[in-house]
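Visitor: Sharing my_file_26.cif below, mmCIF, C-alpha atoms and all ligand atoms:
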data_final
#
loop_
_atom_site.label_atom_id
_atom_site.label_comp_id
_atom_site.auth_asym_id
_atom_site.auth_seq_id
_atom_site.Cartn_x
_atom_site.Cartn_y
_atom_site.Cartn_z
CA MET R 207 -131.13 -100.28 -33.89
CA PRO R 208 -128.36 -102.72 -33.07
CA GLN R 209 -128.67 -104.91 -29.99
CA ILE R 210 -125.89 -104.70 -27.43
CA PRO R 211 -125.09 -107.97 -25.63
CA GLU R 212 -126.19 -108.01 -21.96
CA LYS R 213 -122.67 -108.84 -20.80
CA ILE R 214 -121.46 -105.40 -21.95
CA HIS R 215 -121.94 -103.00 -19.03
CA GLU R 216 -120.20 -99.93 -20.35
CA LEU R 217 -120.93 -98.39 -23.71
CA THR R 218 -119.08 -96.00 -25.96
CA VAL R 219 -120.84 -92.85 -27.10
CA GLY R 220 -121.21 -94.43 -30.54
CA GLN R 221 -122.94 -97.48 -29.06
CA VAL R 222 -125.31 -95.34 -27.03
CA ALA R 223 -126.07 -93.24 -30.11
CA ALA R 224 -126.64 -96.27 -32.33
CA ARG R 225 -128.86 -98.05 -29.80
CA SER R 226 -130.84 -95.03 -28.61
CA GLY R 227 -131.21 -93.24 -31.94
CA ALA R 228 -129.86 -90.01 -30.43
CA ALA R 229 -127.08 -88.18 -32.26
CA VAL R 230 -123.65 -88.18 -30.63
CA SER R 231 -123.89 -84.38 -30.42
CA ALA R 232 -127.22 -84.71 -28.58
CA LEU R 233 -125.62 -87.11 -26.08
CA HIS R 234 -122.78 -84.66 -25.48
CA PHE R 235 -125.38 -81.93 -25.01
CA TYR R 236 -127.38 -84.02 -22.52
CA GLU R 237 -124.17 -84.65 -20.63
CA SER R 238 -123.23 -80.96 -20.61
CA LYS R 239 -126.68 -80.26 -19.10
CA GLY R 240 -126.26 -82.92 -16.42
CA LEU R 241 -128.94 -85.27 -17.77
CA ILE R 242 -126.56 -88.18 -18.26
CA THR R 243 -123.06 -88.89 -16.96
CA SER R 244 -120.06 -90.84 -18.14
CA ARG R 245 -116.65 -91.78 -16.88
CA ARG R 246 -113.48 -91.16 -18.82
CA THR R 247 -111.04 -93.89 -19.80
CA SER R 248 -107.29 -93.41 -19.50
CA GLY R 249 -107.42 -92.35 -23.15
CA ASN R 250 -110.04 -89.69 -22.23
CA GLN R 251 -112.87 -91.49 -23.99
CA ARG R 252 -116.39 -91.46 -22.57
CA ARG R 253 -117.92 -94.63 -21.21
CA TYR R 254 -121.58 -94.78 -20.23
CA CYS R 255 -123.17 -97.34 -17.95
CA ARG R 256 -125.85 -99.42 -19.60
CA ASP R 257 -128.63 -97.59 -17.68
CA THR R 258 -127.85 -94.53 -19.79
CA LEU R 259 -129.91 -96.08 -22.59
CA ARG R 260 -133.01 -95.92 -20.43
CA ARG R 261 -132.24 -92.36 -19.31
CA VAL R 262 -131.84 -91.30 -22.95
CA ALA R 263 -135.11 -93.04 -23.87
CA PHE R 264 -136.80 -91.14 -21.02
CA ILE R 265 -135.31 -87.81 -22.12
CA ARG R 266 -136.25 -88.30 -25.76
CA ALA R 267 -139.79 -89.42 -24.97
CA ALA R 268 -140.31 -86.36 -22.77
CA GLN R 269 -138.81 -84.07 -25.41
CA ARG R 270 -141.10 -85.53 -28.08
CA VAL R 271 -144.12 -84.32 -26.16
CA GLY R 272 -142.60 -80.87 -25.69
CA ILE R 273 -141.27 -81.06 -22.12
CA PRO R 274 -138.37 -78.58 -21.75
CA LEU R 275 -134.96 -80.01 -20.89
CA ALA R 276 -134.85 -78.03 -17.64
CA THR R 277 -138.06 -79.74 -16.49
CA ILE R 278 -136.70 -83.14 -17.51
CA ARG R 279 -133.50 -82.47 -15.59
CA GLU R 280 -135.49 -81.51 -12.47
CA ALA R 281 -137.53 -84.71 -12.76
CA LEU R 282 -134.41 -86.85 -13.09
CA ALA R 283 -132.70 -85.04 -10.21
CA GLU R 284 -135.66 -85.76 -7.91
CA LEU R 285 -135.29 -89.51 -8.30
CA PRO R 286 -133.56 -91.13 -5.30
CA GLU R 287 -129.80 -91.04 -5.81
CA GLU R 288 -130.57 -89.82 -9.33
CA ARG R 289 -131.26 -93.39 -10.36
CA THR R 290 -132.50 -94.36 -13.78
CA PRO R 291 -136.27 -93.79 -14.10
CA THR R 292 -138.38 -96.89 -13.74
CA GLN R 293 -141.64 -97.69 -15.50
CA GLU R 294 -143.50 -96.32 -12.45
CA ASP R 295 -141.45 -93.09 -12.56
CA TRP R 296 -142.37 -92.54 -16.18
CA ALA R 297 -146.05 -93.29 -15.50
CA ARG R 298 -146.12 -90.81 -12.59
CA LEU R 299 -144.21 -88.03 -14.37
CA SER R 300 -146.07 -88.36 -17.64
CA GLU R 301 -149.32 -88.02 -15.68
CA THR R 302 -147.98 -84.83 -14.06
CA TRP R 303 -147.00 -83.43 -17.44
CA ARG R 304 -150.34 -84.26 -19.03
CA SER R 305 -152.15 -81.17 -17.71
CA GLU R 306 -149.24 -78.98 -18.85
CA LEU R 307 -149.53 -80.49 -22.32
CA ASP R 308 -153.32 -80.06 -22.36
CA GLU R 309 -152.88 -76.35 -21.59
CA ARG R 310 -150.25 -75.96 -24.30
CA ILE R 311 -152.47 -77.73 -26.85
CA SER R 312 -155.36 -75.47 -25.88
CA GLN R 313 -153.18 -72.35 -26.33
CA LEU R 314 -151.98 -73.57 -29.72
CA SER R 315 -155.57 -74.29 -30.80
CA ARG R 316 -156.56 -70.71 -29.88
CA LEU R 317 -153.57 -69.34 -31.81
CA ARG R 318 -154.46 -71.49 -34.82
CA ASP R 319 -158.03 -70.19 -34.77
CA HIS R 320 -156.78 -66.59 -34.64
CA LEU R 321 -154.29 -67.29 -37.41
CA THR R 322 -157.23 -68.09 -39.69
CA ASP R 323 -158.37 -64.44 -39.26
CA CYS R 324 -154.86 -63.20 -40.12
CA ILE R 325 -154.34 -65.24 -43.28
CA GLY R 326 -154.27 -62.84 -46.20
CA CYS R 327 -154.71 -59.81 -43.91
CA GLY R 328 -151.25 -58.58 -42.89
CA CYS R 329 -152.47 -55.60 -40.82
CA LEU R 330 -150.79 -56.71 -37.54
CA SER R 331 -152.95 -54.05 -35.93
CA LEU R 332 -152.44 -53.52 -32.21
CA ASP R 333 -156.17 -52.81 -31.92
CA THR R 334 -157.68 -55.70 -33.83
CA CYS R 335 -155.10 -58.43 -34.47
CA VAL R 336 -155.10 -60.91 -31.59
CA LEU R 337 -151.82 -62.47 -32.71
CA SER R 338 -150.07 -59.11 -32.94
CA ASN R 339 -151.11 -58.01 -29.45
CA PRO R 340 -152.52 -61.02 -27.57
CA ASP R 341 -152.52 -59.51 -24.08
CA ASP R 342 -153.80 -56.03 -24.88
CA VAL R 343 -155.04 -55.03 -21.45
CA PHE R 344 -154.35 -51.35 -22.07
CA GLY R 345 -156.24 -51.42 -25.34
CA ASP R 346 -159.47 -51.93 -23.40
CA ARG R 347 -158.94 -48.72 -21.43
CA LEU R 348 -156.86 -46.40 -23.61
CA THR R 349 -156.43 -45.52 -27.24
CA GLY R 350 -153.08 -44.81 -28.91
CA SER R 351 -149.73 -45.77 -27.51
CA ARG R 352 -149.66 -47.39 -24.10
CA LEU R 353 -146.75 -45.14 -23.14
CA MET R 354 -148.66 -42.00 -24.20
CA GLY R 355 -151.48 -43.08 -21.90
CA GLU R 356 -149.06 -43.56 -19.01
CA ARG R 357 -147.41 -40.18 -19.65
CA ARG R 358 -150.77 -38.42 -19.75
CA SER R 359 -151.70 -39.80 -16.36
CA ARG R 360 -148.49 -38.60 -14.67
CA PRO R 361 -148.79 -35.45 -12.53
S1 LIG R 401 -152.83 -59.66 -39.37
FE1 LIG R 401 -154.72 -58.60 -39.57
S2 LIG R 401 -155.93 -59.49 -38.03
FE2 LIG R 401 -153.99 -60.41 -37.74
#
Rewrite the structure from the file as structure tokens, please.
Ligand code: FES
Guide:
Amino acid sequence: MPQIPEKIHELTVGQVAARSGAAVSALHFYESKGLITSRRTSGNQRRYCRDTLRRVAFIRAAQRVGIPLATIREALAELPEERTPTQEDWARLSETWRSELDERISQLSRLRDHLTDCIGCGCLSLDTCVLSNPDDVFGDRLTGSRLMGERRSRP
């Protein structure tokens, strides 16, 4: 990634893309979602302050570990005056997100284990396939369609 001299305080979208590794389209998307901001020149070209590089690094690091953009936006919005996240901010937020990630990893591990039962099966049974019907609370109490069970119980 090309270095940008310290004396340059405003960057074009191409410079931000080249330095951050994010696609220009991704930068436009981040901007449309309020994650980064730019000013427009008289020729209607975007100019980003140098801090944008750190914001983009923060966004991409969070995305890499599966944090949704909405959550990232909330985290950035909570920073005082929406400043660029510091090293301490990242340490604090990544700690907060750790338990969320642990839970997601645990869910995926359970799904992977169930997938092993499904490989080569193909039944997708509502009674026996955990992946087909993972939250089958009615299956414990009723047989047949859940709606049939509800209809039967109506007066
Ligand atoms: S597809 Fe048969 S058990 Fe999941």
Visitor: Would you please work out which residue, of R:Leu321, R:Val222, R:Leu330, R:Val271, is nearest to Arg256 of chain R when using all atoms listed in the file?
Guide: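 Closest residue, counting all atoms listed in the file: R:Val222.
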Visitor: Given 5 Å of margin on each side, can you work out the centre and size in Å (one decimal) of an axis-aligned box holding every listed atom of segment 215-232 of chain R, as AutoDock Vina command-line options?
Guide:
--center_x -125.1 --center_y -93.7 --center_z -25.7 --size_x 22.1 --size_y 28.6 --size_z 23.3
Visitor: Please identify every residue of chain R that has at least one atom no farther than 7 Å from an atom of ligand LIG 401 (chain R), counting all atoms listed in the file, and for each give the shortest atom pair and the distance in Å to one decimal, arranged by chain then increasing number, as JSON lines.
Guide:
{"residue": "R:Leu321", "atom": "CA", "partner": "R:LIG401", "partner_atom": "FE2", "distance": 6.9}
{"residue": "R:Asp323", "atom": "CA", "partner": "R:LIG401", "partner_atom": "S2", "distance": 5.7}
{"residue": "R:Cys324", "atom": "CA", "partner": "R:LIG401", "partner_atom": "FE2", "distance": 3.8}
{"residue": "R:Ile325", "atom": "CA", "partner": "R:LIG401", "partner_atom": "S1", "distance": 7.0}
{"residue": "R:Cys327", "atom": "CA", "partner": "R:LIG401", "partner_atom": "FE1", "distance": 4.5}
{"residue": "R:Gly328", "atom": "CA", "partner": "R:LIG401", "partner_atom": "S1", "distance": 4.0}
{"residue": "R:Cys329", "atom": "CA", "partner": "R:LIG401", "partner_atom": "FE1", "distance": 4.0}
{"residue": "R:Leu330", "atom": "CA", "partner": "R:LIG401", "partner_atom": "S1", "distance": 4.0}
{"residue": "R:Ser331", "atom": "CA", "partner": "R:LIG401", "partner_atom": "FE1", "distance": 6.1}
{"residue": "R:Thr334", "atom": "CA", "partner": "R:LIG401", "partner_atom": "S2", "distance": 5.9}
{"residue": "R:Cys335", "atom": "CA", "partner": "R:LIG401", "partner_atom": "S2", "distance": 3.8}
{"residue": "R:Val336", "atom": "CA", "partner": "R:LIG401", "partner_atom": "FE2", "distance": 6.3}
{"residue": "R:Leu337", "atom": "CA", "partner": "R:LIG401", "partner_atom": "FE2", "distance": 5.9}
{"residue": "R:Ser338", "atom": "CA", "partner": "R:LIG401", "partner_atom": "FE2", "distance": 6.3}
Visitor: I'd like the interatomic distance between atom CA of Ala283 of chain R and atom CA of Asn250 of chain R, to a tenth of an Å.
Guide: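 If I compute the distance from atom CA of Ala283 of chain R to atom CA of Asn250 of chain R, I get 26.1 Å.
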Visitor: Measuring between only C-alpha atoms, which one of R:Pro340, R:Ala268, R:Leu285, R:Leu332 shows the shortest distance to Leu307 of chain R?
Guide: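 Looking only at the distances to Leu307 of chain R, the closest residue turns out to be R:Ala268.
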Visitor: Residues within 6 Å of Arg253 of chain R, please, as a list of chain:residue names. Count only C-alpha atoms; anything in the same chain fewer than 2 positions from it doesn't count.
Guide: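 Those residues are R:Glu216, R:Leu217, R:Thr218, R:Ser244, R:Arg245.
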Visitor: Name all residues at most 10 Å from segment 277-280 of chain R (count only C-alpha atoms; drop same-chain ones fewer than 3 positions away) and give them as a list of chain:residue names.
Guide: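 The neighbour list is R:Tyr236, R:Lys239, R:Gly240, R:Leu241, R:Ile242, R:Phe264, R:Ile265, R:Arg266, R:Ala268, R:Gln269, R:Ile273, R:Pro274, R:Ala283, R:Glu284, R:Leu285, R:Leu299, R:Trp303.
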Visitor: What is the atom CA of Glu294 of chain R-atom CA of Arg270 of chain R distance in Å, reported with one decimal?
Guide: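 That distance, rounded to one decimal, is 19.1 Å.
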Visitor: Which of these, R:Thr243, R:Tyr254, R:Leu314, R:Ala232, has the shortest distance to Val219 of chain R once you count all atoms listed in the file?
Guide: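 Once distances to Val219 of chain R are computed over all atoms listed in the file, the minimum belongs to R:Tyr254.
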Visitor: With a distance cut-off of 10 Å and all atoms listed in the file, select the neighbouring residues of Trp296 of chain R, excluding the residue or stretch itself and same-chain residues fewer than 4 positions from it, and output the selection as a list of chain:residue names.
Guide: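 Returned residues: R:Phe264, R:Ala267, R:Ala268, R:Ala281, R:Pro291, R:Thr292, R:Ser300, R:Glu301, R:Thr302.
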Visitor: Give me, please, the distance in Å between atom CA of Leu275 of chain R and atom CA of Ser231 of chain R, quoted to one decimal.
Guide: 15.2 Å
Visitor: Which residue out of R:Arg298, R:Arg260, R:Arg252, R:Arg225 has the minimum interatomic distance to Pro208 of chain R when all atoms listed in the file are used?
Guide: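 For Pro208 of chain R, the nearest of the given residues is R:Arg225.
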Visitor: For each of R:Gly326, R:Arg310, R:Ser226, R:Pro211, take the minimum atom-to-atom distance to Ala263 of chain R, counting only C-alpha atoms, then give the residue where this is smallest.
Guide: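 Going through R:Gly326, R:Arg310, R:Ser226, R:Pro211 one by one, the smallest distance to Ala263 of chain R is for R:Ser226.
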